[in-house]
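Asker: Quick one, coords_8.txt (compact mmCIF, C-alpha atoms):
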# COMPACT_ATOMS: atom_id res chain seq x y z
CA MET E 49 57.83 137.69 115.12
CA SER E 50 59.54 139.41 112.18
CA SER E 51 62.73 138.00 110.61
CA THR E 52 64.59 141.16 111.71
CA SER E 53 63.64 140.80 115.37
CA SER E 54 64.44 137.07 115.23
CA THR E 55 67.93 137.84 113.90
CA LEU E 56 68.48 140.48 116.58
CA SER E 57 67.37 138.06 119.30
CA ARG E 58 69.86 135.43 118.16
CA ARG E 59 72.63 138.03 117.97
CA THR E 60 71.75 139.36 121.45
CA ALA E 61 71.82 135.85 122.90
CA LEU E 62 75.22 135.16 121.33
CA LEU E 63 76.70 138.41 122.59
CA GLY E 64 75.25 137.71 126.03
CA ALA E 65 76.92 134.31 126.14
CA LEU E 66 80.26 135.81 125.12
CA GLY E 67 79.89 138.50 127.74
CA ALA E 68 79.14 135.96 130.46
CA GLY E 69 82.30 134.07 129.58
CA ALA E 70 84.38 137.23 129.78
CA ALA E 71 82.81 138.12 133.12
CA LEU E 72 83.64 134.67 134.51
CA ALA E 73 87.24 135.06 133.47
CA SER E 74 87.49 138.47 135.12
CA THR E 75 86.43 137.09 138.53
CA GLY E 76 89.72 135.30 138.94
CA LEU E 77 88.04 131.90 139.16
CA PRO E 78 90.26 129.08 137.86
CA VAL E 79 89.85 128.27 134.19
CA ARG E 80 90.30 124.61 133.23
CA PRO E 81 92.99 124.00 130.63
CA ALA E 82 91.90 122.63 127.25
CA GLN E 83 91.86 118.86 126.95
CA ALA E 84 94.49 117.16 124.82
CA ALA E 85 93.46 116.80 121.18
CA ALA E 86 91.77 113.53 120.24
CA PRO E 87 93.93 111.33 118.00
CA MET E 88 93.28 111.23 114.27
CA LEU E 89 91.60 107.92 113.44
CA GLY E 90 91.67 107.98 109.64
CA PRO E 91 88.75 107.90 107.20
CA THR E 92 86.01 105.31 107.48
CA LYS E 93 82.79 104.42 105.68
CA PRO E 94 79.97 101.89 106.07
CA SER E 95 80.57 98.46 104.59
CA VAL E 96 77.14 96.77 104.89
CA TYR E 97 73.69 97.95 103.80
CA ARG E 98 70.54 95.81 103.99
CA PHE E 99 66.97 96.50 102.89
CA LYS E 100 63.71 94.66 102.23
CA LEU E 101 62.49 93.88 98.73
CA GLY E 102 59.07 92.31 99.10
CA ALA E 103 59.66 89.05 100.99
CA TYR E 104 63.40 89.14 100.19
CA GLU E 105 66.28 90.80 102.02
CA VAL E 106 68.99 92.40 99.89
CA THR E 107 72.42 93.24 101.30
CA THR E 108 75.22 95.12 99.58
CA ILE E 109 78.71 94.50 100.97
CA LEU E 110 81.78 96.65 100.34
CA ASP E 111 84.68 94.46 99.22
CA GLY E 112 87.02 97.47 99.22
CA ALA E 113 88.18 100.20 96.85
CA ILE E 114 91.21 101.33 94.90
CA GLN E 115 92.42 104.77 93.82
CA LEU E 116 93.93 105.42 90.42
CA ASP E 117 94.38 108.05 87.73
CA GLY E 118 91.27 109.00 85.80
CA PRO E 119 88.54 109.16 84.67
CA HIS E 120 90.37 109.64 81.36
CA PRO E 121 91.61 107.52 79.61
CA ILE E 122 89.90 104.58 81.33
CA PHE E 123 86.59 106.29 80.64
CA GLY E 124 86.11 108.24 77.43
CA ALA E 125 89.26 106.95 75.76
CA ASP E 126 87.74 107.97 72.42
CA GLN E 127 87.17 111.53 73.67
CA LYS E 128 89.43 114.52 74.21
CA PRO E 129 90.90 114.46 77.73
CA GLU E 130 89.61 117.97 78.43
CA ASP E 131 86.04 116.92 77.60
CA VAL E 132 86.17 114.07 80.13
CA GLN E 133 87.77 116.35 82.70
CA LYS E 134 85.05 118.96 82.11
CA LEU E 135 82.33 116.37 82.71
CA ALA E 136 84.02 115.29 85.95
CA ALA E 137 84.34 118.89 87.17
CA GLU E 138 80.70 119.63 86.35
CA ASN E 139 79.76 116.74 88.66
CA PHE E 140 82.02 117.88 91.53
CA LEU E 141 84.60 115.15 90.87
CA PRO E 142 88.39 115.49 90.65
CA THR E 143 89.61 115.62 87.09
CA SER E 144 92.75 113.49 87.44
CA ARG E 145 92.10 110.96 90.24
CA MET E 146 89.26 108.59 90.96
CA ALA E 147 88.24 105.74 93.23
CA ILE E 148 86.65 102.49 92.12
CA SER E 149 84.83 100.43 94.73
CA PHE E 150 83.49 96.87 94.57
CA ALA E 151 80.19 95.71 96.06
CA PRO E 152 78.92 92.12 95.82
CA VAL E 153 75.21 91.63 96.53
CA LEU E 154 73.45 89.11 98.77
CA VAL E 155 69.81 88.19 98.21
CA ASN E 156 68.11 86.17 100.94
CA THR E 157 64.92 84.69 99.49
CA GLY E 158 63.97 83.01 102.77
CA ASN E 159 64.85 79.66 101.21
CA GLU E 160 68.32 80.34 99.86
CA LEU E 161 71.09 82.85 100.47
CA ILE E 162 72.39 83.94 97.06
CA LEU E 163 75.65 85.81 96.55
CA PHE E 164 76.20 87.78 93.34
CA ASP E 165 79.95 87.94 92.63
CA THR E 166 82.76 87.25 95.08
CA GLY E 167 84.96 90.34 95.10
CA ASN E 168 88.70 90.49 94.56
CA GLY E 169 89.91 87.90 97.02
CA ALA E 170 93.52 87.79 98.19
CA GLY E 171 94.88 89.25 94.96
CA ARG E 172 94.03 92.83 95.87
CA ARG E 173 94.42 92.92 99.64
CA PRO E 174 94.63 95.03 101.73
CA ASN E 175 92.77 97.61 99.64
CA ALA E 176 90.08 95.17 98.54
CA GLY E 177 89.20 91.51 98.97
CA ALA E 178 87.27 92.03 102.21
CA LEU E 179 84.07 90.17 101.32
CA ARG E 180 84.56 87.08 103.48
CA ALA E 181 85.71 89.15 106.44
CA THR E 182 82.80 91.57 106.08
CA LEU E 183 80.21 88.80 105.84
CA GLY E 184 80.42 88.53 109.61
CA ALA E 185 79.46 92.18 110.01
CA ALA E 186 76.50 91.46 107.74
CA GLY E 187 75.44 88.59 110.02
CA TYR E 188 76.45 85.65 107.85
CA THR E 189 79.19 83.06 107.52
CA PRO E 190 80.70 81.83 104.24
CA GLU E 191 79.23 78.41 104.97
CA GLN E 192 75.71 79.84 104.84
CA ILE E 193 75.97 80.86 101.20
CA ASP E 194 73.74 78.49 99.18
CA VAL E 195 74.27 79.89 95.67
CA VAL E 196 77.08 81.93 94.13
CA VAL E 197 76.11 83.75 90.93
CA LEU E 198 78.91 85.07 88.72
CA THR E 199 77.84 87.94 86.48
CA HIS E 200 81.08 87.60 84.48
CA PHE E 201 84.67 86.46 84.93
CA HIS E 202 86.75 89.59 85.48
CA PRO E 203 89.15 89.18 88.44
CA ASP E 204 87.28 91.57 90.76
CA HIS E 205 84.24 89.29 90.46
CA ILE E 206 85.81 85.81 90.61
CA GLY E 207 88.90 86.53 92.74
CA GLY E 208 87.05 85.63 95.93
CA LEU E 209 85.87 82.22 94.75
CA MET E 210 88.90 80.52 96.29
CA GLU E 211 90.63 81.09 99.60
CA ASP E 212 94.00 79.40 100.23
CA GLY E 213 93.35 77.10 97.28
CA ALA E 214 89.97 75.85 98.50
CA PRO E 215 86.42 76.99 97.66
CA ALA E 216 85.65 80.06 99.78
CA PHE E 217 81.96 79.12 100.03
CA ALA E 218 82.17 75.45 100.81
CA ASN E 219 78.45 74.61 100.72
CA ALA E 220 77.47 76.62 97.65
CA ARG E 221 76.40 75.67 94.18
CA TYR E 222 77.25 78.03 91.33
CA VAL E 223 75.43 79.79 88.52
CA THR E 224 76.88 81.73 85.59
CA GLY E 225 76.31 82.48 81.93
CA ALA E 226 76.95 79.69 79.43
CA GLU E 227 78.42 82.13 76.91
CA GLU E 228 80.80 83.58 79.48
CA TYR E 229 82.03 80.14 80.54
CA ASN E 230 82.41 78.91 76.98
CA PHE E 231 84.51 81.93 76.08
CA TRP E 232 86.89 81.93 79.06
CA SER E 233 87.23 78.28 80.05
CA PRO E 234 89.31 76.84 77.14
CA PRO E 235 92.94 76.38 78.30
CA GLU E 236 94.27 78.51 75.44
CA LYS E 237 92.60 81.56 77.00
CA ALA E 238 95.28 81.36 79.72
CA THR E 239 97.84 82.64 77.21
CA GLY E 240 98.30 85.73 75.07
CA LYS E 241 96.09 88.81 75.48
CA THR E 242 93.61 86.96 77.70
CA GLU E 243 96.27 85.39 79.94
CA ARG E 244 95.54 87.31 83.16
CA VAL E 245 91.83 86.52 83.25
CA GLY E 246 92.24 83.11 81.61
CA LYS E 247 94.65 81.88 84.28
CA LEU E 248 92.33 83.00 87.07
CA VAL E 249 89.40 81.26 85.38
CA GLN E 250 91.45 78.05 85.22
CA SER E 251 92.28 78.20 88.94
CA ASN E 252 89.03 79.61 90.35
CA VAL E 253 86.14 78.77 88.01
CA VAL E 254 86.92 75.62 86.01
CA PRO E 255 87.40 73.43 89.14
CA LEU E 256 83.81 74.29 90.14
CA ALA E 257 82.23 73.40 86.79
CA GLU E 258 80.58 70.19 88.04
CA LYS E 259 78.66 72.23 90.63
CA THR E 260 77.74 74.99 88.17
CA THR E 261 74.50 75.70 86.32
CA PHE E 262 74.95 77.58 83.04
CA LEU E 263 72.30 80.11 82.10
CA GLU E 264 71.12 81.76 78.91
CA ASP E 265 69.30 85.09 78.68
CA ASN E 266 65.92 85.15 80.47
CA GLN E 267 66.58 81.96 82.45
CA ALA E 268 66.08 81.86 86.21
CA VAL E 269 68.58 81.44 89.03
CA VAL E 270 65.62 80.72 91.31
CA SER E 271 62.01 81.80 91.03
CA GLY E 272 61.99 85.62 90.99
CA ILE E 273 65.60 86.11 89.87
CA THR E 274 66.13 86.14 86.10
CA ALA E 275 69.20 86.60 83.91
CA VAL E 276 69.27 89.54 81.50
CA ASP E 277 71.74 89.64 78.61
CA ALA E 278 74.14 92.56 79.11
CA GLY E 279 76.97 91.38 76.88
CA GLY E 280 79.69 93.70 75.66
CA HIS E 281 81.65 94.35 78.82
CA THR E 282 82.56 90.68 78.41
CA PRO E 283 81.04 88.25 75.88
CA GLY E 284 78.58 86.67 78.33
CA HIS E 285 78.14 89.45 80.89
CA LEU E 286 74.76 89.16 82.65
CA ALA E 287 72.58 91.48 84.67
CA PHE E 288 69.76 90.12 86.85
CA HIS E 289 66.16 91.15 87.44
CA VAL E 290 64.92 90.48 90.97
CA GLU E 291 61.23 90.56 91.89
CA SER E 292 59.36 89.68 95.09
CA GLU E 293 55.77 90.57 95.97
CA GLY E 294 55.66 93.11 93.17
CA LYS E 295 58.86 94.88 94.29
CA ARG E 296 61.62 94.97 91.67
CA LEU E 297 65.37 95.51 91.59
CA MET E 298 67.99 95.26 88.85
CA ILE E 299 71.47 93.96 89.63
CA THR E 300 73.43 95.56 86.79
CA ALA E 301 76.95 94.34 87.69
CA ASP E 302 79.38 96.09 85.29
CA THR E 303 76.88 97.33 82.73
CA ALA E 304 78.04 100.78 83.90
CA ASN E 305 81.41 101.11 85.63
CA HIS E 306 81.23 104.80 86.59
CA TYR E 307 78.20 106.53 88.05
CA VAL E 308 78.84 109.74 86.12
CA VAL E 309 80.79 109.06 82.93
CA SER E 310 79.26 105.70 81.97
CA LEU E 311 75.72 106.90 82.62
CA GLN E 312 75.74 110.50 81.43
CA ARG E 313 77.76 109.51 78.37
CA PRO E 314 76.82 105.86 77.69
CA ASP E 315 78.35 106.00 74.19
CA TRP E 316 81.82 106.93 75.46
CA GLU E 317 84.24 104.03 75.33
CA VAL E 318 85.36 102.24 78.49
CA SER E 319 88.73 100.50 78.46
CA PHE E 320 87.35 97.58 80.50
CA ASP E 321 84.71 96.78 77.85
CA MET E 322 85.79 94.03 75.46
CA ASN E 323 83.20 94.94 72.81
CA LYS E 324 82.86 98.71 73.10
CA LYS E 325 79.90 99.10 70.74
CA LYS E 326 77.86 96.30 72.25
CA ALA E 327 78.62 97.48 75.81
CA ALA E 328 77.31 100.96 74.94
CA GLU E 329 74.15 99.42 73.50
CA ALA E 330 73.67 97.39 76.69
CA ARG E 331 74.04 100.53 78.84
CA LYS E 332 71.40 102.39 76.85
CA GLU E 333 68.98 99.45 76.76
CA ILE E 334 69.22 98.35 80.41
CA PHE E 335 69.35 101.79 82.00
CA GLY E 336 66.67 102.99 79.62
CA MET E 337 64.43 100.22 80.99
CA ILE E 338 65.34 101.06 84.59
CA ALA E 339 64.54 104.73 83.99
CA ALA E 340 61.26 103.97 82.20
CA ASP E 341 60.06 101.57 84.90
CA LYS E 342 61.39 103.77 87.75
CA ILE E 343 62.83 100.82 89.61
CA PRO E 344 65.92 100.79 91.84
CA PHE E 345 69.15 99.10 90.85
CA THR E 346 72.44 98.14 92.40
CA GLY E 347 75.61 98.41 90.34
CA TYR E 348 78.89 96.79 91.31
CA HIS E 349 80.93 99.99 90.96
CA MET E 350 78.39 102.60 92.04
CA PRO E 351 79.16 104.67 95.18
CA PHE E 352 78.52 102.58 98.28
CA PRO E 353 75.91 101.45 99.30
CA ASN E 354 75.49 101.08 95.51
CA VAL E 355 71.71 101.47 95.37
CA GLY E 356 69.99 104.14 93.33
CA TYR E 357 67.70 105.19 90.52
CA ILE E 358 68.12 106.43 86.96
CA GLU E 359 66.53 109.39 85.23
CA PRO E 360 66.90 110.36 81.56
CA MET E 361 69.37 113.19 80.95
CA GLY E 362 70.02 114.34 77.39
CA ASP E 363 71.38 111.40 75.42
CA GLY E 364 72.21 109.54 78.63
CA PHE E 365 71.15 109.22 82.23
CA ARG E 366 71.67 110.70 85.67
CA TYR E 367 72.35 108.54 88.70
CA VAL E 368 70.18 109.37 91.72
CA ALA E 369 71.42 107.70 94.89
CA ALA E 370 68.67 106.10 96.97
CA GLY E 371 67.65 108.05 100.05
CA TYR E 372 65.17 106.53 102.49
CA GLN E 373 63.08 104.78 99.82
CA MET E 374 64.53 101.36 100.55
CA ASP E 375 64.21 101.79 104.32
CA LEU E 376 60.43 102.23 104.46
CA GLY E 377 58.32 99.24 105.44
Using C-alpha cells, write down the structure from this file.
Answerer:
Amino acid sequence: MSSTSSTLSRRTALLGALGAGAALASTGLPVRPAQAAAPMLGPTKPSVYRFKLGAYEVTTILDGAIQLDGPHPIFGADQKPEDVQKLAAENFLPTSRMAISFAPVLVNTGNELILFDTGNGAGRRPNAGALRATLGAAGYTPEQIDVVVLTHFHPDHIGGLMEDGAPAFANARYVTGAEEYNFWSPPEKATGKTERVGKLVQSNVVPLAEKTTFLEDNQAVVSGITAVDAGGHTPGHLAFHVESEGKRLMITADTANHYVVSLQRPDWEVSFDMNKKKAAEARKEIFGMIAADKIPFTGYHMPFPNVGYIEPMGDGFRYVAAGYQMDLG
C-alpha cells in the first residue's frame, strides 16, 4: 500500500468515526454528561532503582531534591553569566533556576549490605532527608545496613548518620577516607569558615570514630569495592570502583555536581569545591577513565536514577543516561 493511500485510509476512518458520533446525537438518544474532572495530584517521580552488577545488587535511592537559582554562579562562577546561561539553554535547561537531587547508593554483595552516604537527614526535611523512610520502599530496614561508607563530609552526605541523636543505622560499621577525617575532625574546624560542616562532623561523625575504618587511595572497603582518590571537592573526597564477575561501576559521589555544566565544562569552577583546580583535575581524570573504559557510573547529583555513561565531547564530556543496559540479565 502506498503512503498516500495509507494516509487517506486513516483520514477516512477518522471522518467516519466523527460522522457516526454526529449521527448518534441526531437520533435523540440520551447523551451521558461528562464525568467530573479528576483531582490534580501533584508531580511525582520514582525514588528507588535497582539493578544487577555481576553477583551484586546495586540500588539508588532518592533522598529528595531542592530548587534554587542557577546554574550561575554556583557553576561557572569564573565565567560570564551569559556563557553559563547559553550552555544551559543549549541543553534544554532553564537559565535561571535549577534542581539538585541527592541519591545515596546501596550495594548488596550477598554478604554485606553497604550504604554509600546517608543523605541530608532531618536538617533538610521535608524537601530532602527521605533516605530512611525510602529504605522500606527499597525492601530494607535501617537495621540491615552492615557498612556505611562516607565519600566525604558535606552535610548532604553525613546529615543522615544520626536520627534523634542516635545512630540511624544501629548495626553498621563505618568506612571513610583518612584524609577527610583528619581534616574535618579537629574541634577547631567547628568555628570560623568551616563552622557549619565542622559542627555537623562533631555531632554526627566523631562519635562513630571507634567503629570507623579509615581508608587511603586504592584501599578496599570489601573485596571488589576500592577507594579512588577524587580530592578537590573536599580534601579527602573519594570515589569508589565496584567490580563483580567482570562487571564494573564507578560511584563518583560529588566528583561532578551537575550533569551538564560540570561534565561539559569540567574546568569551570564550582562554588562547592574547596580546591577548585584539584577538583577540575579529578573530574577530567575520573570521567576520562569512565569514558575510555565505557563503564557505567552513578553520581550523587545526577538526574535520578543517577546511572549513566560518559562520552568525550570537545574538552569535556557528555552525560548519557542509562537506558535498558542495566536491566538486561
Asker: Name the residues, using the chain letters and numbers of the file, that sit within 12 Å of (70.5, 91.3, 85.8) when counting all atoms listed in the file, and give them as a ChimeraX atom specification.
Answerer: /E:153,164,197-200,224-225,263-269,272-279,284-291,296-303,330,334-335,337-338,345-348
Asker: Skip E:Glu211 itself and residues of its chain fewer than 6 positions away, then list as a VMD selection string all residues within 9 Å of it, counting all atoms listed in the file.
Answerer: chain E and resid 169 to 170 217
Asker: Tell me, as a CSV table (one decimal) with C-alpha atoms, in the coordinates of the input, which residues lie within 12 Å of E:Gly371, counting all atoms listed in the file; anything in the same chain fewer than 3 positions away does not count.
Answerer:
chain,number,residue,atom,x,y,z
E,99,PHE,CA,67.0,96.5,102.9
E,344,PRO,CA,65.9,100.8,91.8
E,353,PRO,CA,75.9,101.4,99.3
E,354,ASN,CA,75.5,101.1,95.5
E,355,VAL,CA,71.7,101.5,95.4
E,356,GLY,CA,70.0,104.1,93.3
E,357,TYR,CA,67.7,105.2,90.5
E,368,VAL,CA,70.2,109.4,91.7
E,374,MET,CA,64.5,101.4,100.6
E,375,ASP,CA,64.2,101.8,104.3
E,376,LEU,CA,60.4,102.2,104.5
Asker: What is the distance, in Å and to one decimal place, between atom CA of E:Asp111 and atom CA of E:Ile193?
Answerer: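 Atom CA of E:Ile193 lies at a distance of 16.3 Å from atom CA of E:Asp111.
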Asker: Can you pull out the residues contacting E:Leu311? Cut-off 8 Å, using only C-alpha atoms, and skip same-chain residues under 3 positions away; I want them as a list in words.
Answerer: Ala304, His306, Tyr307, Val308, Pro314, Arg331, Gly364, Phe365, Arg366 and Tyr367 of chain E
Asker: I want to know what sits within 7 Å of E:Phe150, based on all atoms listed in the file, with residues of the same chain fewer than 3 positions away left out; could you give that as a list in words?
Answerer: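 The contact residues come out as Leu110, Asp111, Gly112, Ala113, Gly167, Tyr348 and His349 of chain E.
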Asker: From the options E:Asn168, E:Ala214, E:Ala86, E:Thr282, which residue's atoms come nearest to E:Lys324, counting all atoms listed in the file?
Answerer: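 Counting all atoms listed in the file, the residue closest to E:Lys324 is E:Thr282.
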Asker: Reconstruct stretch 309-335 of chain E at the level of N, CA, C and O atoms, and format the result as a PDB file, keeping the file's coordinate frame.
Answerer:
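Produced file out_32.pdb, reproduced below:
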ATOM      1  N   VAL E 309      80.377 109.119  84.335  1.00  0.00           N
ATOM      2  CA  VAL E 309      80.790 109.060  82.930  1.00  0.00           C
ATOM      3  C   VAL E 309      80.019 108.001  82.159  1.00  0.00           C
ATOM      4  O   VAL E 309      79.493 108.254  81.067  1.00  0.00           O
ATOM      5  N   SER E 310      79.908 106.786  82.705  1.00  0.00           N
ATOM      6  CA  SER E 310      79.260 105.700  81.970  1.00  0.00           C
ATOM      7  C   SER E 310      77.771 105.898  81.805  1.00  0.00           C
ATOM      8  O   SER E 310      77.159 105.318  80.896  1.00  0.00           O
ATOM      9  N   LEU E 311      77.159 106.689  82.690  1.00  0.00           N
ATOM     10  CA  LEU E 311      75.720 106.900  82.620  1.00  0.00           C
ATOM     11  C   LEU E 311      75.363 108.167  81.860  1.00  0.00           C
ATOM     12  O   LEU E 311      74.481 108.159  81.009  1.00  0.00           O
ATOM     13  N   GLN E 312      76.040 109.266  82.151  1.00  0.00           N
ATOM     14  CA  GLN E 312      75.740 110.500  81.430  1.00  0.00           C
ATOM     15  C   GLN E 312      76.208 110.452  79.985  1.00  0.00           C
ATOM     16  O   GLN E 312      75.644 111.123  79.119  1.00  0.00           O
ATOM     17  N   ARG E 313      77.241 109.664  79.729  1.00  0.00           N
ATOM     18  CA  ARG E 313      77.760 109.510  78.370  1.00  0.00           C
ATOM     19  C   ARG E 313      77.878 108.017  78.037  1.00  0.00           C
ATOM     20  O   ARG E 313      78.976 107.471  77.918  1.00  0.00           O
ATOM     21  N   PRO E 314      76.760 107.318  77.887  1.00  0.00           N
ATOM     22  CA  PRO E 314      76.820 105.860  77.690  1.00  0.00           C
ATOM     23  C   PRO E 314      77.539 105.438  76.417  1.00  0.00           C
ATOM     24  O   PRO E 314      77.991 104.293  76.320  1.00  0.00           O
ATOM     25  N   ASP E 315      77.670 106.342  75.442  1.00  0.00           N
ATOM     26  CA  ASP E 315      78.350 106.000  74.190  1.00  0.00           C
ATOM     27  C   ASP E 315      79.870 106.105  74.306  1.00  0.00           C
ATOM     28  O   ASP E 315      80.583 105.592  73.437  1.00  0.00           O
ATOM     29  N   TRP E 316      80.369 106.779  75.332  1.00  0.00           N
ATOM     30  CA  TRP E 316      81.820 106.930  75.460  1.00  0.00           C
ATOM     31  C   TRP E 316      82.447 105.580  75.771  1.00  0.00           C
ATOM     32  O   TRP E 316      81.935 104.798  76.573  1.00  0.00           O
ATOM     33  N   GLU E 317      83.576 105.316  75.166  1.00  0.00           N
ATOM     34  CA  GLU E 317      84.240 104.030  75.330  1.00  0.00           C
ATOM     35  C   GLU E 317      84.812 103.862  76.743  1.00  0.00           C
ATOM     36  O   GLU E 317      85.267 104.826  77.364  1.00  0.00           O
ATOM     37  N   VAL E 318      84.794 102.620  77.190  1.00  0.00           N
ATOM     38  CA  VAL E 318      85.360 102.240  78.490  1.00  0.00           C
ATOM     39  C   VAL E 318      86.427 101.187  78.230  1.00  0.00           C
ATOM     40  O   VAL E 318      86.167 100.181  77.551  1.00  0.00           O
ATOM     41  N   SER E 319      87.618 101.405  78.760  1.00  0.00           N
ATOM     42  CA  SER E 319      88.730 100.500  78.460  1.00  0.00           C
ATOM     43  C   SER E 319      88.450  99.079  78.928  1.00  0.00           C
ATOM     44  O   SER E 319      88.952  98.117  78.346  1.00  0.00           O
ATOM     45  N   PHE E 320      87.653  98.908  79.968  1.00  0.00           N
ATOM     46  CA  PHE E 320      87.350  97.580  80.500  1.00  0.00           C
ATOM     47  C   PHE E 320      86.426  96.779  79.579  1.00  0.00           C
ATOM     48  O   PHE E 320      86.325  95.563  79.721  1.00  0.00           O
ATOM     49  N   ASP E 321      85.693  97.450  78.697  1.00  0.00           N
ATOM     50  CA  ASP E 321      84.710  96.780  77.850  1.00  0.00           C
ATOM     51  C   ASP E 321      85.401  96.078  76.681  1.00  0.00           C
ATOM     52  O   ASP E 321      86.125  96.709  75.907  1.00  0.00           O
ATOM     53  N   MET E 322      85.145  94.788  76.524  1.00  0.00           N
ATOM     54  CA  MET E 322      85.790  94.030  75.460  1.00  0.00           C
ATOM     55  C   MET E 322      85.185  94.358  74.092  1.00  0.00           C
ATOM     56  O   MET E 322      85.889  94.451  73.096  1.00  0.00           O
ATOM     57  N   ASN E 323      83.881  94.520  74.039  1.00  0.00           N
ATOM     58  CA  ASN E 323      83.200  94.940  72.810  1.00  0.00           C
ATOM     59  C   ASN E 323      82.570  96.293  73.101  1.00  0.00           C
ATOM     60  O   ASN E 323      81.494  96.387  73.693  1.00  0.00           O
ATOM     61  N   LYS E 324      83.256  97.354  72.708  1.00  0.00           N
ATOM     62  CA  LYS E 324      82.860  98.710  73.100  1.00  0.00           C
ATOM     63  C   LYS E 324      81.465  99.072  72.574  1.00  0.00           C
ATOM     64  O   LYS E 324      80.652  99.641  73.307  1.00  0.00           O
ATOM     65  N   LYS E 325      81.191  98.743  71.329  1.00  0.00           N
ATOM     66  CA  LYS E 325      79.900  99.100  70.740  1.00  0.00           C
ATOM     67  C   LYS E 325      78.751  98.365  71.429  1.00  0.00           C
ATOM     68  O   LYS E 325      77.723  98.962  71.782  1.00  0.00           O
ATOM     69  N   LYS E 326      78.921  97.083  71.626  1.00  0.00           N
ATOM     70  CA  LYS E 326      77.860  96.300  72.250  1.00  0.00           C
ATOM     71  C   LYS E 326      77.658  96.704  73.717  1.00  0.00           C
ATOM     72  O   LYS E 326      76.528  96.718  74.216  1.00  0.00           O
ATOM     73  N   ALA E 327      78.740  97.044  74.422  1.00  0.00           N
ATOM     74  CA  ALA E 327      78.620  97.480  75.810  1.00  0.00           C
ATOM     75  C   ALA E 327      77.829  98.781  75.900  1.00  0.00           C
ATOM     76  O   ALA E 327      77.008  98.958  76.810  1.00  0.00           O
ATOM     77  N   ALA E 328      78.067  99.702  74.956  1.00  0.00           N
ATOM     78  CA  ALA E 328      77.310 100.960  74.940  1.00  0.00           C
ATOM     79  C   ALA E 328      75.831 100.693  74.683  1.00  0.00           C
ATOM     80  O   ALA E 328      74.952 101.311  75.305  1.00  0.00           O
ATOM     81  N   GLU E 329      75.541  99.778  73.784  1.00  0.00           N
ATOM     82  CA  GLU E 329      74.150  99.420  73.500  1.00  0.00           C
ATOM     83  C   GLU E 329      73.483  98.827  74.742  1.00  0.00           C
ATOM     84  O   GLU E 329      72.310  99.113  75.032  1.00  0.00           O
ATOM     85  N   ALA E 330      74.217  97.990  75.473  1.00  0.00           N
ATOM     86  CA  ALA E 330      73.670  97.390  76.690  1.00  0.00           C
ATOM     87  C   ALA E 330      73.377  98.463  77.735  1.00  0.00           C
ATOM     88  O   ALA E 330      72.347  98.401  78.426  1.00  0.00           O
ATOM     89  N   ARG E 331      74.277  99.441  77.879  1.00  0.00           N
ATOM     90  CA  ARG E 331      74.040 100.530  78.840  1.00  0.00           C
ATOM     91  C   ARG E 331      72.740 101.263  78.505  1.00  0.00           C
ATOM     92  O   ARG E 331      71.908 101.521  79.384  1.00  0.00           O
ATOM     93  N   LYS E 332      72.582 101.611  77.235  1.00  0.00           N
ATOM     94  CA  LYS E 332      71.400 102.390  76.850  1.00  0.00           C
ATOM     95  C   LYS E 332      70.124 101.566  77.007  1.00  0.00           C
ATOM     96  O   LYS E 332      69.094 102.086  77.460  1.00  0.00           O
ATOM     97  N   GLU E 333      70.184 100.284  76.669  1.00  0.00           N
ATOM     98  CA  GLU E 333      68.980  99.450  76.760  1.00  0.00           C
ATOM     99  C   GLU E 333      68.593  99.182  78.211  1.00  0.00           C
ATOM    100  O   GLU E 333      67.427  99.360  78.605  1.00  0.00           O
ATOM    101  N   ILE E 334      69.552  98.744  79.037  1.00  0.00           N
ATOM    102  CA  ILE E 334      69.220  98.350  80.410  1.00  0.00           C
ATOM    103  C   ILE E 334      68.873  99.553  81.269  1.00  0.00           C
ATOM    104  O   ILE E 334      67.872  99.554  81.996  1.00  0.00           O
ATOM    105  N   PHE E 335      69.663 100.617  81.174  1.00  0.00           N
ATOM    106  CA  PHE E 335      69.350 101.790  82.000  1.00  0.00           C
ATOM    107  C   PHE E 335      68.166 102.562  81.454  1.00  0.00           C
ATOM    108  O   PHE E 335      67.462 103.242  82.211  1.00  0.00           O
TER     109      PHE E 335
END
